[in-house]
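File shown here: protein_26.pdb, holding PDB, C-alpha atoms and all ligand atoms.
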```pdb
ATOM      1  CA  MET A   1      53.424 115.976 129.439
ATOM      2  CA  LYS A   2      54.810 113.516 126.972
ATOM      3  CA  VAL A   3      58.525 113.221 126.330
ATOM      4  CA  GLN A   4      59.414 113.734 122.678
ATOM      5  CA  GLN A   5      63.186 113.533 122.810
ATOM      6  CA  MET A   6      65.488 112.009 125.331
ATOM      7  CA  SER A   7      69.112 111.056 125.618
ATOM      8  CA  ILE A   8      69.957 108.084 127.815
ATOM      9  CA  THR A   9      73.472 107.053 128.802
ATOM     10  CA  SER A  10      74.368 103.368 128.921
ATOM     11  CA  ARG A  11      77.506 102.498 130.834
ATOM     12  CA  GLY A  12      78.007  98.994 129.525
ATOM     13  CA  PRO A  13      76.549  96.200 127.364
ATOM     14  CA  GLY A  14      74.494  94.887 130.292
ATOM     15  CA  GLU A  15      72.861  98.267 130.699
ATOM     16  CA  THR A  16      72.050  98.508 126.984
ATOM     17  CA  ARG A  17      70.465  95.086 127.185
ATOM     18  CA  SER A  18      68.443  96.085 130.259
ATOM     19  CA  LEU A  19      67.278  99.222 128.493
ATOM     20  CA  GLY A  20      66.049  97.024 125.650
ATOM     21  CA  GLU A  21      64.328  94.721 128.120
ATOM     22  CA  ARG A  22      62.464  97.563 129.820
ATOM     23  CA  LEU A  23      61.240  98.679 126.397
ATOM     24  CA  GLY A  24      60.297  95.157 125.321
ATOM     25  CA  GLU A  25      58.151  94.778 128.430
ATOM     26  CA  ILE A  26      55.830  97.578 127.359
ATOM     27  CA  LEU A  27      55.690  97.130 123.569
ATOM     28  CA  GLN A  28      52.247  96.689 122.062
ATOM     29  CA  PRO A  29      51.061  95.372 118.689
ATOM     30  CA  GLY A  30      51.770  97.918 115.989
ATOM     31  CA  ASP A  31      54.647  99.654 117.799
ATOM     32  CA  VAL A  32      57.599 100.451 115.555
ATOM     33  CA  ILE A  33      61.157 101.027 116.779
ATOM     34  CA  LEU A  34      63.754 102.410 114.352
ATOM     35  CA  LEU A  35      67.254 101.498 115.440
ATOM     36  CA  SER A  36      70.416 103.021 114.014
ATOM     37  CA  GLY A  37      74.087 103.327 114.898
ATOM     38  CA  GLU A  38      77.500 102.341 113.592
ATOM     39  CA  LEU A  39      78.836  98.810 113.592
ATOM     40  CA  GLY A  40      79.595  97.864 117.190
ATOM     41  CA  ALA A  41      77.322 100.569 118.615
ATOM     42  CA  GLY A  42      75.193  97.968 120.387
ATOM     43  CA  LYS A  43      72.156  97.491 118.141
ATOM     44  CA  THR A  44      72.154  93.705 118.419
ATOM     45  CA  THR A  45      72.741  93.894 122.170
ATOM     46  CA  PHE A  46      69.731  96.205 122.453
ATOM     47  CA  CYS A  47      67.571  93.958 120.223
ATOM     48  CA  LYS A  48      68.337  90.930 122.360
ATOM     49  CA  GLY A  49      67.144  92.885 125.372
ATOM     50  CA  VAL A  50      63.933  93.932 123.640
ATOM     51  CA  ALA A  51      63.248  90.317 122.695
ATOM     52  CA  ALA A  52      63.872  89.177 126.266
ATOM     53  CA  GLY A  53      61.500  91.864 127.540
ATOM     54  CA  LEU A  54      58.857  90.585 125.139
ATOM     55  CA  GLY A  55      59.340  87.086 126.481
ATOM     56  CA  VAL A  56      60.901  85.722 123.290
ATOM     57  CA  ALA A  57      62.540  82.398 124.130
ATOM     58  CA  ALA A  58      64.407  81.918 120.849
ATOM     59  CA  GLU A  59      67.870  83.361 120.329
ATOM     60  CA  VAL A  60      67.802  86.603 118.376
ATOM     61  CA  THR A  61      70.471  87.180 115.743
ATOM     62  CA  SER A  62      70.521  89.927 113.126
ATOM     63  CA  PRO A  63      68.621  88.841 109.985
ATOM     64  CA  THR A  64      71.428  90.062 107.747
ATOM     65  CA  PHE A  65      70.583  87.807 104.804
ATOM     66  CA  THR A  66      66.866  87.170 105.235
ATOM     67  CA  LEU A  67      66.270  90.856 106.184
ATOM     68  CA  ILE A  68      63.223  89.884 108.256
ATOM     69  CA  ALA A  69      62.836  87.462 111.166
ATOM     70  CA  GLU A  70      59.741  86.756 113.261
ATOM     71  CA  TYR A  71      59.621  85.563 116.855
ATOM     72  CA  GLU A  72      56.865  84.470 119.177
ATOM     73  CA  GLY A  73      56.514  86.420 122.396
ATOM     74  CA  ARG A  74      53.934  88.123 124.629
ATOM     75  CA  VAL A  75      53.455  90.207 121.493
ATOM     76  CA  PRO A  76      54.980  88.786 118.287
ATOM     77  CA  LEU A  77      58.294  90.417 117.392
ATOM     78  CA  VAL A  78      59.319  91.220 113.839
ATOM     79  CA  HIS A  79      63.002  92.083 113.553
ATOM     80  CA  MET A  80      64.344  93.606 110.347
ATOM     81  CA  ASP A  81      67.904  94.520 109.420
ATOM     82  CA  LEU A  82      67.851  96.443 106.151
ATOM     83  CA  TYR A  83      71.529  97.422 106.066
ATOM     84  CA  ARG A  84      72.383  95.039 103.247
ATOM     85  CA  LEU A  85      69.448  96.255 101.199
ATOM     86  CA  TRP A  86      70.603  99.881 101.080
ATOM     87  CA  GLU A  87      74.219  98.818 100.753
ATOM     88  CA  GLU A  88      73.658  96.614  97.728
ATOM     89  CA  SER A  89      70.940  98.321  95.732
ATOM     90  CA  GLY A  90      69.819 101.794  94.762
ATOM     91  CA  THR A  91      66.981 103.341  96.741
ATOM     92  CA  GLN A  92      64.317 102.523  94.154
ATOM     93  CA  ALA A  93      65.393  98.880  93.774
ATOM     94  CA  ALA A  94      65.602  98.524  97.547
ATOM     95  CA  LYS A  95      62.120  99.932  98.025
ATOM     96  CA  GLN A  96      60.826  97.488  95.406
ATOM     97  CA  ALA A  97      62.559  94.594  97.188
ATOM     98  CA  LEU A  98      60.871  95.653 100.427
ATOM     99  CA  ALA A  99      57.487  95.785  98.727
ATOM    100  CA  ASP A 100      58.137  92.274  97.363
ATOM    101  CA  LEU A 101      58.897  91.071 100.891
ATOM    102  CA  GLY A 102      55.501  92.357 101.963
ATOM    103  CA  TRP A 103      57.007  94.823 104.386
ATOM    104  CA  GLU A 104      53.801  96.861 104.700
ATOM    105  CA  ASP A 105      51.975  93.735 105.871
ATOM    106  CA  TYR A 106      54.417  93.348 108.746
ATOM    107  CA  LEU A 107      53.815  96.945 109.794
ATOM    108  CA  GLU A 108      50.078  96.395 109.757
ATOM    109  CA  SER A 109      50.244  93.068 111.579
ATOM    110  CA  ASP A 110      49.724  92.517 115.303
ATOM    111  CA  ALA A 111      53.474  92.429 115.897
ATOM    112  CA  ALA A 112      55.882  94.895 117.468
ATOM    113  CA  VAL A 113      58.405  95.809 114.765
ATOM    114  CA  LEU A 114      62.068  96.554 115.379
ATOM    115  CA  ILE A 115      63.916  97.846 112.324
ATOM    116  CA  GLU A 116      67.686  98.264 112.095
ATOM    117  CA  TRP A 117      68.850 100.600 109.343
ATOM    118  CA  ALA A 118      65.352 101.436 108.130
ATOM    119  CA  GLY A 119      66.860 104.167 105.915
ATOM    120  CA  PRO A 120      64.532 105.733 103.352
ATOM    121  CA  ALA A 121      61.912 103.070 104.111
ATOM    122  CA  ALA A 122      61.188 104.904 107.358
ATOM    123  CA  ASP A 123      60.344 108.179 105.646
ATOM    124  CA  GLY A 124      56.673 107.331 105.420
ATOM    125  CA  LEU A 125      56.321 106.097 109.003
ATOM    126  CA  GLU A 126      54.448 108.755 110.927
ATOM    127  CA  ASP A 127      54.556 107.257 114.385
ATOM    128  CA  ALA A 128      57.697 105.389 115.347
ATOM    129  CA  LEU A 129      60.257 105.562 118.114
ATOM    130  CA  GLU A 130      63.752 106.312 116.825
ATOM    131  CA  VAL A 131      66.710 105.070 118.866
ATOM    132  CA  GLU A 132      70.201 105.959 117.699
ATOM    133  CA  LEU A 133      73.115 104.354 119.528
ATOM    134  CA  VAL A 134      76.213 106.516 119.602
ATOM    135  CA  ALA A 135      79.586 105.499 121.059
ATOM    136  CA  ALA A 136      81.125 107.913 123.541
ATOM    137  CA  PRO A 137      84.547 109.424 122.733
ATOM    138  CA  LEU A 138      87.611 107.484 123.885
ATOM    139  CA  PRO A 139      88.596 106.425 126.482
ATOM    140  CA  ARG A 140      84.953 105.780 127.527
ATOM    141  CA  VAL A 141      84.881 102.487 125.577
ATOM    142  CA  ASP A 142      81.888 101.023 127.395
ATOM    143  CA  GLU A 143      79.672 104.046 127.191
ATOM    144  CA  ARG A 144      76.905 104.622 124.653
ATOM    145  CA  GLU A 145      74.401 107.394 124.228
ATOM    146  CA  LEU A 146      70.904 106.351 123.226
ATOM    147  CA  ARG A 147      69.386 109.258 121.341
ATOM    148  CA  CYS A 148      65.650 108.698 121.363
ATOM    149  CA  ARG A 149      63.039 110.612 119.417
ATOM    150  CA  ALA A 150      59.317 109.995 119.200
ATOM    151  CA  ARG A 151      57.667 110.744 115.870
ATOM    152  CA  GLY A 152      54.053 110.689 116.999
ATOM    153  CA  PRO A 153      51.644 110.308 119.915
ATOM    154  CA  ARG A 154      51.992 106.560 120.432
ATOM    155  CA  SER A 155      55.782 106.628 120.354
ATOM    156  CA  GLN A 156      55.741 109.608 122.736
ATOM    157  CA  ALA A 157      53.657 107.646 125.222
ATOM    158  CA  LEU A 158      55.987 104.703 124.763
ATOM    159  CA  LEU A 159      59.119 106.793 125.308
ATOM    160  CA  ASP A 160      57.535 108.371 128.377
ATOM    161  CA  GLU A 161      56.708 105.033 129.950
ATOM    162  CA  TRP A 162      60.044 103.494 128.977
ATOM    163  CA  VAL A 163      62.088 106.314 130.528
ATOM    164  CA  LYS A 164      60.003 106.186 133.723
ATOM    165  CA  ARG A 165      60.545 102.457 133.996
ATOM    166  CA  TRP A 166      64.242 102.951 133.480
ATOM    167  CA  LEU A 167      64.664 105.747 136.008
ATOM    168  CA  PHE A 168      62.307 104.621 138.778
TER     169      PHE A 168
HETATM  170  P1  LIG B   1      75.924  96.317 116.527
HETATM  171  O1  LIG B   1      74.799  95.335 116.388
HETATM  172  O2  LIG B   1      75.458  97.755 116.597
HETATM  173  O3  LIG B   1      76.988  96.146 115.483
HETATM  174  P2  LIG B   1      76.667  94.748 118.858
HETATM  175  O4  LIG B   1      75.553  94.824 119.848
HETATM  176  O5  LIG B   1      76.771  93.523 118.030
HETATM  177  O6  LIG B   1      76.629  96.066 117.940
HETATM  178  O7  LIG B   1      78.060  94.939 119.599
HETATM  179  C1  LIG B   1      78.331  95.942 120.535
HETATM  180  C2  LIG B   1      79.715  95.699 121.134
HETATM  181  O8  LIG B   1      80.099  96.787 121.955
HETATM  182  C3  LIG B   1      79.743  94.454 121.998
HETATM  183  O9  LIG B   1      80.998  93.832 121.860
HETATM  184  C4  LIG B   1      79.579  95.027 123.403
HETATM  185  O10 LIG B   1      80.165  94.206 124.393
HETATM  186  C5  LIG B   1      80.331  96.341 123.291
HETATM  187  N1  LIG B   1      79.847  97.378 124.214
HETATM  188  C6  LIG B   1      80.600  98.075 125.075
HETATM  189  N2  LIG B   1      79.876  98.953 125.769
HETATM  190  C7  LIG B   1      78.597  98.819 125.345
HETATM  191  C8  LIG B   1      77.372  99.451 125.705
HETATM  192  N3  LIG B   1      77.297 100.417 126.640
HETATM  193  N4  LIG B   1      76.262  99.042 125.061
HETATM  194  C9  LIG B   1      76.321  98.091 124.121
HETATM  195  N5  LIG B   1      77.441  97.461 123.736
HETATM  196  C10 LIG B   1      78.577  97.817 124.341
HETATM  197 MG    MG B   2      74.288  93.991 114.834
END
```
Could you show the structure in this file as structure tokens?
Ligand code: ADP
Ligand code: MG
Amino acid sequence: MKVQQMSITSRGPGETRSLGERLGEILQPGDVILLSGELGAGKTTFCKGVAAGLGVAAEVTSPTFTLIAEYEGRVPLVHMDLYRLWEESGTQAAKQALADLGWEDYLESDAAVLIEWAGPAADGLEDALEVELVAAPLPRVDERELRCRARGPRSQALLDEWVKRWLF
């Protein structure tokens, strides 16, 4: 049976990074991860882990201004951070800006795609793995909950394998 939803507890930044690494190790071309969570939730920490798991040697920073960054790895990694897009423009203008960036081409490329703050752009994505990072209530300052949800068969298989690799 394939896991469709799963909540994973991370007890510190190192664990969030390791969780990302385990996922990065099994990503395949065409896989899409949708990452969300408040500022300071651990999105960048998680992304760095994913990149490490994919064997990316370059340092990964959030593409706040360029929106999209590409890295070479076992599978190429495309990292998007669309926060600024939704923050600064209306939904229609933002969607147009994404089209201008050729965002569909990235999704159809042979890369694994990690999107922070995908927002309305994710509405049309049928098969993607959603990961929401949520801070635990005080005083558990170093604890985060990773709320994972698979949208389709590939992301279900991915979530299944990821969780197994994490637990065993
Ligand atoms: P975001 O990209 O979501 O804004 P960052 O990854 O840049 O978040 O920062 C997360 C911050 O929270 C870091 O300072 C990190 O040390 C801290 N932190 C504490 N506990 C955790 C945890 N379990 N997972 C991830 N980060 C954590
Ligand atoms: Mg960040």
Next on the checklist: Using only C-alpha atoms, can you tell me which of A:Gly102, A:Gly37, A:Gly55, A:Gly42 comes closest to A:Glu130?
Outcome noted: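 Smallest separation from A:Glu130 among the options: A:Gly37.
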Grab all the atoms of stretch 72-75 of chain A that the file lists, wrap them in a box along x, y and z, add 3 Å per side, and give me centre plus edge lengths in Å (one decimal) as AutoDock Vina command-line options.
```
--center_x 55.2 --center_y 87.3 --center_z 121.9 --size_x 9.4 --size_y 11.7 --size_z 11.5
```
Item to check | Test item: residues no farther than 7 Å from ligand MG 2 (chain B), counting only C-alpha atoms and all ligand atoms, as a PyMOL selection string | outcome: chain A and resi 39-40+42-44+62
Next on the checklist: Can you spell out as a VMD selection string the set of residues that the PyMOL selection byres (((chain A and resi 153-164) around 10) and not hetatm) selects in the structure I just provided?
Outcome noted: chain A and resid 1 to 8 19 to 28 30 to 33 126 to 130 148 to 152 165 to 168
Using only C-alpha atoms, please write the residues we just selected to a file, as a PDB file, in the frame of the given file.
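Output file part_3.pdb is given in full below:
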```pdb
ATOM      1  CA  MET A   1      53.424 115.976 129.439  1.00  0.00           C
ATOM      2  CA  LYS A   2      54.810 113.516 126.972  1.00  0.00           C
ATOM      3  CA  VAL A   3      58.525 113.221 126.330  1.00  0.00           C
ATOM      4  CA  GLN A   4      59.414 113.734 122.678  1.00  0.00           C
ATOM      5  CA  GLN A   5      63.186 113.533 122.810  1.00  0.00           C
ATOM      6  CA  MET A   6      65.488 112.009 125.331  1.00  0.00           C
ATOM      7  CA  SER A   7      69.112 111.056 125.618  1.00  0.00           C
ATOM      8  CA  ILE A   8      69.957 108.084 127.815  1.00  0.00           C
ATOM      9  CA  LEU A  19      67.278  99.222 128.493  1.00  0.00           C
ATOM     10  CA  GLY A  20      66.049  97.024 125.650  1.00  0.00           C
ATOM     11  CA  GLU A  21      64.328  94.721 128.120  1.00  0.00           C
ATOM     12  CA  ARG A  22      62.464  97.563 129.820  1.00  0.00           C
ATOM     13  CA  LEU A  23      61.240  98.679 126.397  1.00  0.00           C
ATOM     14  CA  GLY A  24      60.297  95.157 125.321  1.00  0.00           C
ATOM     15  CA  GLU A  25      58.151  94.778 128.430  1.00  0.00           C
ATOM     16  CA  ILE A  26      55.830  97.578 127.359  1.00  0.00           C
ATOM     17  CA  LEU A  27      55.690  97.130 123.569  1.00  0.00           C
ATOM     18  CA  GLN A  28      52.247  96.689 122.062  1.00  0.00           C
ATOM     19  CA  GLY A  30      51.770  97.918 115.989  1.00  0.00           C
ATOM     20  CA  ASP A  31      54.647  99.654 117.799  1.00  0.00           C
ATOM     21  CA  VAL A  32      57.599 100.451 115.555  1.00  0.00           C
ATOM     22  CA  ILE A  33      61.157 101.027 116.779  1.00  0.00           C
ATOM     23  CA  GLU A 126      54.448 108.755 110.927  1.00  0.00           C
ATOM     24  CA  ASP A 127      54.556 107.257 114.385  1.00  0.00           C
ATOM     25  CA  ALA A 128      57.697 105.389 115.347  1.00  0.00           C
ATOM     26  CA  LEU A 129      60.257 105.562 118.114  1.00  0.00           C
ATOM     27  CA  GLU A 130      63.752 106.312 116.825  1.00  0.00           C
ATOM     28  CA  CYS A 148      65.650 108.698 121.363  1.00  0.00           C
ATOM     29  CA  ARG A 149      63.039 110.612 119.417  1.00  0.00           C
ATOM     30  CA  ALA A 150      59.317 109.995 119.200  1.00  0.00           C
ATOM     31  CA  ARG A 151      57.667 110.744 115.870  1.00  0.00           C
ATOM     32  CA  GLY A 152      54.053 110.689 116.999  1.00  0.00           C
ATOM     33  CA  ARG A 165      60.545 102.457 133.996  1.00  0.00           C
ATOM     34  CA  TRP A 166      64.242 102.951 133.480  1.00  0.00           C
ATOM     35  CA  LEU A 167      64.664 105.747 136.008  1.00  0.00           C
ATOM     36  CA  PHE A 168      62.307 104.621 138.778  1.00  0.00           C
TER      37      PHE A 168
END
```
Item to check | Selection within 7 Å of ligand LIG 1 (chain B) by only C-alpha atoms and all ligand atoms, output as an MDAnalysis selection string | outcome: chainID A and resid 10:16 37:46 141:144
Item to check | Hits from the PyMOL selection byres (((chain A and resi 108) around 12) and not hetatm), listed as a list in words | outcome: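 Matching residues under the PyMOL selection byres (((chain A and resi 108) around 12) and not hetatm) are Pro29, Gly30, Asp31, Val32, Val78, Gly102, Trp103, Glu104, Asp105, Tyr106, Leu107, Ser109, Asp110, Ala111, Ala112, Val113 and Leu125 of chain A.
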Requested write-out: C-alpha atoms of the selected residues, as a CSV table (one decimal), in the coordinates of the input:
```csv
chain,number,residue,atom,x,y,z
A,29,PRO,CA,51.1,95.4,118.7
A,30,GLY,CA,51.8,97.9,116.0
A,31,ASP,CA,54.6,99.7,117.8
A,32,VAL,CA,57.6,100.5,115.6
A,78,VAL,CA,59.3,91.2,113.8
A,102,GLY,CA,55.5,92.4,102.0
A,103,TRP,CA,57.0,94.8,104.4
A,104,GLU,CA,53.8,96.9,104.7
A,105,ASP,CA,52.0,93.7,105.9
A,106,TYR,CA,54.4,93.3,108.7
A,107,LEU,CA,53.8,96.9,109.8
A,109,SER,CA,50.2,93.1,111.6
A,110,ASP,CA,49.7,92.5,115.3
A,111,ALA,CA,53.5,92.4,115.9
A,112,ALA,CA,55.9,94.9,117.5
A,113,VAL,CA,58.4,95.8,114.8
A,125,LEU,CA,56.3,106.1,109.0
```
Checklist entry - So which residues get picked by the PyMOL selection byres (((chain A and resi 116) around 8) and not hetatm) here, written as number ranges by chain? => result A: 34-36, 43, 79-83, 114-115, 117-118
